[in-house]
Amino acid sequence: MSIHDVAPATWDECARLAAALREVADIPLTWLVVPQYHRGGGDPVRMEAGLDEALARGDELALHGFTHLDTAPRGPGLSERFLRGTYSHEGEFAALPADEAARRIQCGLDWFAARGWPVRGFVPPAWLMGEGAWQALRAFDFDYTTTFRRFHLLGGRAGAGTAATVLSPSLVYAARNRSGRLASPLLADVLALALARRPLIRLSLHPPDVRHPRLLRHAQATLARLLATRTALTKAAFAQQLLTSTVPNNRHLASSAHPIRRSTTDQPGAAPRAC
């Protein structure tokens with residue numbers, strides 16, 4: 001269970017999402033934090049105090065880009081225009097060159113370090129990463145990243161030059177328009193059914209979801225249903241389970257029937273500039 005787009009401007013909505021989930025069960029959550037969110041407003045002190053409390057209760061904080069805004073030039077291709085326009089204008093890492101992607105990741109890590117917060121994962125805004133961002137990411141000591149379709153285990157503390165991925169398209173709501181609010185819970189149900197025998201199911205919540213009671217009730221019902229057969233883990237904990245290969249098969253989080261795909265991508269360096 002992850003809460004996206006955590007920033008001072010969104011903190012009240014993010015905290016309400018967490019409270020709604022904990023009405024169902026007191027599970028560990030992963031908060032995807034944006035250090036310099038492009039929307040202003042909110043109280044940074046209150047957000048940081050809330051995230052300190054989240055860490056103290058066993059939650060995880062992950063780096064979720066730096067500004068959460070796509071400012072790179074847009075190419076002419078139809079796929080790029082759809083992904084970086086119709087799908088989302090906030091795919092910050094969708095088209096960054098490697099050196100700029102590395103600079104922003106390092107700035108985010110410095111921001112976390114200044115607050116004494118551990119960080120083991122990076123999740124790109126809108127789940128979009130271009131080749132430059134992938135190249136930059138591999139030079140850092142993260143345990144994992146996620147895209148919309150997959151959970152990617154990185155070298156991190158394993159010290160390996162390989163990466164592993166687990167197929168797990170995220171359950172997510174489209175709260176921006178009425179048709180999305182009507183269709184996305186149904187699509188989430190279909191996807192959860194399709195993933196029933198897979199090792200991992202992810203449910204991703206965004207601040208606008210809390211404004212729509214129907215979406216919130218659906219998220220609560222989905223969580224309750226999944227907890228009947230699954231164990232809730234933070235993303236970092238799931239990555240650690242994969243690293244050590246100790247996930248219990250009878251809880252459906254890992255299974256020899258669903259092998260992890262591996263690749264041997266090199267990890268070129270990318271020297272970040274100062275923030």
# chains A, B, ... in the order shown; residues from 1 in each chain; ligands from 1
>>> residues_around(residues="A:Arg214", least_positions_apart="3", cutoff="9 Å", atoms="only C-alpha atoms", output="ChimeraX atom specification")
/A:181,185,217-219
>>> write_last_selection(atoms="N, CA and C atoms", output="compact mmCIF listing (two decimals), in the first residue's frame")
# COMPACT_ATOMS: atom_id res chain seq x y z
N ARG A 181 -13.51 7.96 -12.49
CA ARG A 181 -13.96 7.57 -11.15
C ARG A 181 -14.94 6.42 -11.20
N PRO A 185 -12.49 1.78 -10.36
CA PRO A 185 -12.70 0.73 -9.36
C PRO A 185 -13.01 -0.63 -10.00
N ARG A 217 -14.09 4.18 -0.14
CA ARG A 217 -14.73 2.94 0.33
C ARG A 217 -14.22 1.73 -0.45
N HIS A 218 -14.00 1.91 -1.75
CA HIS A 218 -13.50 0.80 -2.55
C HIS A 218 -12.09 0.42 -2.11
N ALA A 219 -11.25 1.39 -1.83
CA ALA A 219 -9.89 1.10 -1.36
C ALA A 219 -9.93 0.36 -0.04
>>> residues_around(residues="stretch 59-66 of chain A", least_positions_apart="4", cutoff="8 Å", atoms="only C-alpha atoms", output="PDB file with N, CA and C atoms, in the first residue's frame")
ATOM      1  N   HIS A   4       0.965   8.278  -2.706  1.00  0.00           N
ATOM      2  CA  HIS A   4       1.808   9.037  -3.617  1.00  0.00           C
ATOM      3  C   HIS A   4       1.705  10.536  -3.354  1.00  0.00           C
ATOM      4  N   ASP A   5       2.688  11.263  -3.927  1.00  0.00           N
ATOM      5  CA  ASP A   5       2.655  12.728  -4.018  1.00  0.00           C
ATOM      6  C   ASP A   5       2.597  13.397  -2.648  1.00  0.00           C
ATOM      7  N   PRO A  28       1.619  -1.451   7.669  1.00  0.00           N
ATOM      8  CA  PRO A  28       2.715  -0.559   7.282  1.00  0.00           C
ATOM      9  C   PRO A  28       2.453   0.030   5.894  1.00  0.00           C
ATOM     10  N   LEU A  29       2.753   1.308   5.752  1.00  0.00           N
ATOM     11  CA  LEU A  29       2.528   2.023   4.503  1.00  0.00           C
ATOM     12  C   LEU A  29       3.841   2.535   3.934  1.00  0.00           C
ATOM     13  N   THR A  30       3.869   2.721   2.621  1.00  0.00           N
ATOM     14  CA  THR A  30       4.985   3.404   1.976  1.00  0.00           C
ATOM     15  C   THR A  30       4.504   4.769   1.505  1.00  0.00           C
ATOM     16  N   TRP A  31       5.150   5.821   2.002  1.00  0.00           N
ATOM     17  CA  TRP A  31       4.824   7.202   1.642  1.00  0.00           C
ATOM     18  C   TRP A  31       5.814   7.666   0.573  1.00  0.00           C
ATOM     19  N   LEU A  32       5.307   8.084  -0.578  1.00  0.00           N
ATOM     20  CA  LEU A  32       6.160   8.543  -1.677  1.00  0.00           C
ATOM     21  C   LEU A  32       6.270  10.061  -1.587  1.00  0.00           C
ATOM     22  N   VAL A  33       7.448  10.525  -1.139  1.00  0.00           N
ATOM     23  CA  VAL A  33       7.633  11.918  -0.746  1.00  0.00           C
ATOM     24  C   VAL A  33       8.339  12.701  -1.856  1.00  0.00           C
ATOM     25  N   VAL A  34       7.802  13.885  -2.153  1.00  0.00           N
ATOM     26  CA  VAL A  34       8.356  14.787  -3.174  1.00  0.00           C
ATOM     27  C   VAL A  34       9.059  15.941  -2.459  1.00  0.00           C
ATOM     28  N   PRO A  35      10.387  16.040  -2.521  1.00  0.00           N
ATOM     29  CA  PRO A  35      11.092  17.062  -1.742  1.00  0.00           C
ATOM     30  C   PRO A  35      10.731  18.499  -2.088  1.00  0.00           C
ATOM     31  N   GLN A  36      10.619  18.815  -3.383  1.00  0.00           N
ATOM     32  CA  GLN A  36      10.325  20.195  -3.802  1.00  0.00           C
ATOM     33  C   GLN A  36       9.122  20.185  -4.750  1.00  0.00           C
ATOM     34  N   TYR A  37       7.982  19.818  -4.206  1.00  0.00           N
ATOM     35  CA  TYR A  37       6.767  19.669  -5.020  1.00  0.00           C
ATOM     36  C   TYR A  37       6.449  20.972  -5.746  1.00  0.00           C
ATOM     37  N   LEU A  51       5.496  12.698   9.113  1.00  0.00           N
ATOM     38  CA  LEU A  51       6.321  11.635   8.543  1.00  0.00           C
ATOM     39  C   LEU A  51       7.286  11.058   9.576  1.00  0.00           C
ATOM     40  N   ALA A  54       5.208   8.588  11.203  1.00  0.00           N
ATOM     41  CA  ALA A  54       5.023   7.423  10.337  1.00  0.00           C
ATOM     42  C   ALA A  54       6.228   6.492  10.407  1.00  0.00           C
ATOM     43  N   LEU A  55       7.422   7.064  10.364  1.00  0.00           N
ATOM     44  CA  LEU A  55       8.630   6.242  10.471  1.00  0.00           C
ATOM     45  C   LEU A  55       8.679   5.519  11.813  1.00  0.00           C
ATOM     46  N   GLU A  92       8.063  13.665 -14.267  1.00  0.00           N
ATOM     47  CA  GLU A  92       9.300  14.451 -14.172  1.00  0.00           C
ATOM     48  C   GLU A  92      10.496  13.769 -14.818  1.00  0.00           C
ATOM     49  N   PHE A  93      10.606  12.446 -14.682  1.00  0.00           N
ATOM     50  CA  PHE A  93      11.782  11.722 -15.163  1.00  0.00           C
ATOM     51  C   PHE A  93      11.549  11.029 -16.503  1.00  0.00           C
ATOM     52  N   ARG A 104      18.923  15.513  -9.894  1.00  0.00           N
ATOM     53  CA  ARG A 104      17.677  15.617  -9.136  1.00  0.00           C
ATOM     54  C   ARG A 104      17.565  14.504  -8.093  1.00  0.00           C
ATOM     55  N   ILE A 105      17.987  13.305  -8.451  1.00  0.00           N
ATOM     56  CA  ILE A 105      17.963  12.220  -7.468  1.00  0.00           C
ATOM     57  C   ILE A 105      18.879  12.557  -6.293  1.00  0.00           C
ATOM     58  N   CYS A 107      19.817  15.518  -5.265  1.00  0.00           N
ATOM     59  CA  CYS A 107      19.203  16.589  -4.490  1.00  0.00           C
ATOM     60  C   CYS A 107      18.125  16.031  -3.561  1.00  0.00           C
ATOM     61  N   GLY A 108      17.345  15.089  -4.063  1.00  0.00           N
ATOM     62  CA  GLY A 108      16.329  14.467  -3.222  1.00  0.00           C
ATOM     63  C   GLY A 108      16.936  13.690  -2.068  1.00  0.00           C
ATOM     64  N   LEU A 109      18.004  12.963  -2.337  1.00  0.00           N
ATOM     65  CA  LEU A 109      18.671  12.208  -1.281  1.00  0.00           C
ATOM     66  C   LEU A 109      19.274  13.140  -0.227  1.00  0.00           C
ATOM     67  N   TRP A 117      16.204  10.997   7.491  1.00  0.00           N
ATOM     68  CA  TRP A 117      15.269   9.971   7.056  1.00  0.00           C
ATOM     69  C   TRP A 117      15.965   8.933   6.184  1.00  0.00           C
ATOM     70  N   PRO A 118      15.812   7.654   6.471  1.00  0.00           N
ATOM     71  CA  PRO A 118      16.364   6.623   5.594  1.00  0.00           C
ATOM     72  C   PRO A 118      15.543   6.529   4.314  1.00  0.00           C
ATOM     73  N   VAL A 119      16.204   6.138   3.234  1.00  0.00           N
ATOM     74  CA  VAL A 119      15.487   5.971   1.965  1.00  0.00           C
ATOM     75  C   VAL A 119      16.131   4.830   1.197  1.00  0.00           C
ATOM     76  N   ARG A 120      15.325   3.825   0.868  1.00  0.00           N
ATOM     77  CA  ARG A 120      15.818   2.661   0.138  1.00  0.00           C
ATOM     78  C   ARG A 120      15.188   2.530  -1.236  1.00  0.00           C
ATOM     79  N   GLY A 121      14.179   3.351  -1.550  1.00  0.00           N
ATOM     80  CA  GLY A 121      13.500   3.203  -2.826  1.00  0.00           C
ATOM     81  C   GLY A 121      13.284   4.509  -3.543  1.00  0.00           C
ATOM     82  N   PHE A 122      13.215   4.433  -4.866  1.00  0.00           N
ATOM     83  CA  PHE A 122      12.907   5.575  -5.725  1.00  0.00           C
ATOM     84  C   PHE A 122      11.748   5.194  -6.631  1.00  0.00           C
ATOM     85  N   VAL A 123      10.700   6.007  -6.627  1.00  0.00           N
ATOM     86  CA  VAL A 123       9.556   5.797  -7.509  1.00  0.00           C
ATOM     87  C   VAL A 123       9.373   7.049  -8.356  1.00  0.00           C
ATOM     88  N   PRO A 124       9.498   6.956  -9.683  1.00  0.00           N
ATOM     89  CA  PRO A 124       9.396   8.160 -10.515  1.00  0.00           C
ATOM     90  C   PRO A 124       7.960   8.675 -10.561  1.00  0.00           C
ATOM     91  N   PRO A 125       7.764   9.980 -10.577  1.00  0.00           N
ATOM     92  CA  PRO A 125       6.412  10.527 -10.730  1.00  0.00           C
ATOM     93  C   PRO A 125       5.729   9.974 -11.982  1.00  0.00           C
ATOM     94  N   THR A 234       5.811  -2.964   3.484  1.00  0.00           N
ATOM     95  CA  THR A 234       6.278  -1.793   2.756  1.00  0.00           C
ATOM     96  C   THR A 234       7.024  -2.267   1.514  1.00  0.00           C
ATOM     97  N   LYS A 235       7.248  -1.335   0.590  1.00  0.00           N
ATOM     98  CA  LYS A 235       8.016  -1.686  -0.600  1.00  0.00           C
ATOM     99  C   LYS A 235       9.422  -2.131  -0.226  1.00  0.00           C
ATOM    100  N   ALA A 236      10.043  -1.430   0.712  1.00  0.00           N
ATOM    101  CA  ALA A 236      11.400  -1.791   1.125  1.00  0.00           C
ATOM    102  C   ALA A 236      11.433  -3.177   1.746  1.00  0.00           C
TER     103      ALA A 236
END
>>> closest_residue(among="A:Ile27, A:Leu205, A:Ala95, A:Val172", to="A:Glu13", atoms="only C-alpha atoms")
A:Leu205
>>> atom_distance(atom1="atom CA of A:Leu203", atom2="atom CA of A:Leu242")
18.9 Å
>>> residues_around(residues="A:Ala15", least_positions_apart="4", cutoff="10 Å", atoms="only C-alpha atoms", output="NGL selection string")
:A and (3 or 6 or 10-11 or 19-20 or 47 or 50-51 or 207 or 210)
>>> closest_residue(among="A:Leu200, A:Ala232, A:Leu191, A:Asp209", to="A:Asn177", atoms="only C-alpha atoms")
A:Asp209
>>> closest_residue(among="A:Pro208, A:Leu96, A:Val166, A:Arg225", to="A:Ala9", atoms="only C-alpha atoms")
A:Pro208
>>> residues_around(residues="A:Ala175", least_positions_apart="5", cutoff="9 Å", atoms="only C-alpha atoms", output="list in words")
Gly180, Arg181, Leu182, Ser184, His206, Pro208, Asp209, Arg211, His212 and Leu215 of chain A
>>> select_by_dssp(residues="stretch 11-157 of chain A", states="strand (DSSP E or B)", output="list in words")
Thr30, Trp31, Leu32, Val33, Glu60, Leu61, Ala62, Leu63, Gly121, Phe122, Tyr144, Thr145, Thr146, Arg150, Phe151, His152 and Leu153 of chain A
>>> atom_distance(atom1="atom CA of A:Leu154", atom2="atom CA of A:Gln135")
12.2 Å
>>> atom_distance(atom1="atom CA of A:Gly130", atom2="atom CA of A:Met1")
25.0 Å
>>> residues_around(residues="A:Arg150", least_positions_apart="3", cutoff="8 Å", atoms="only C-alpha atoms", output="ChimeraX atom specification")
/A:146-147,165-169
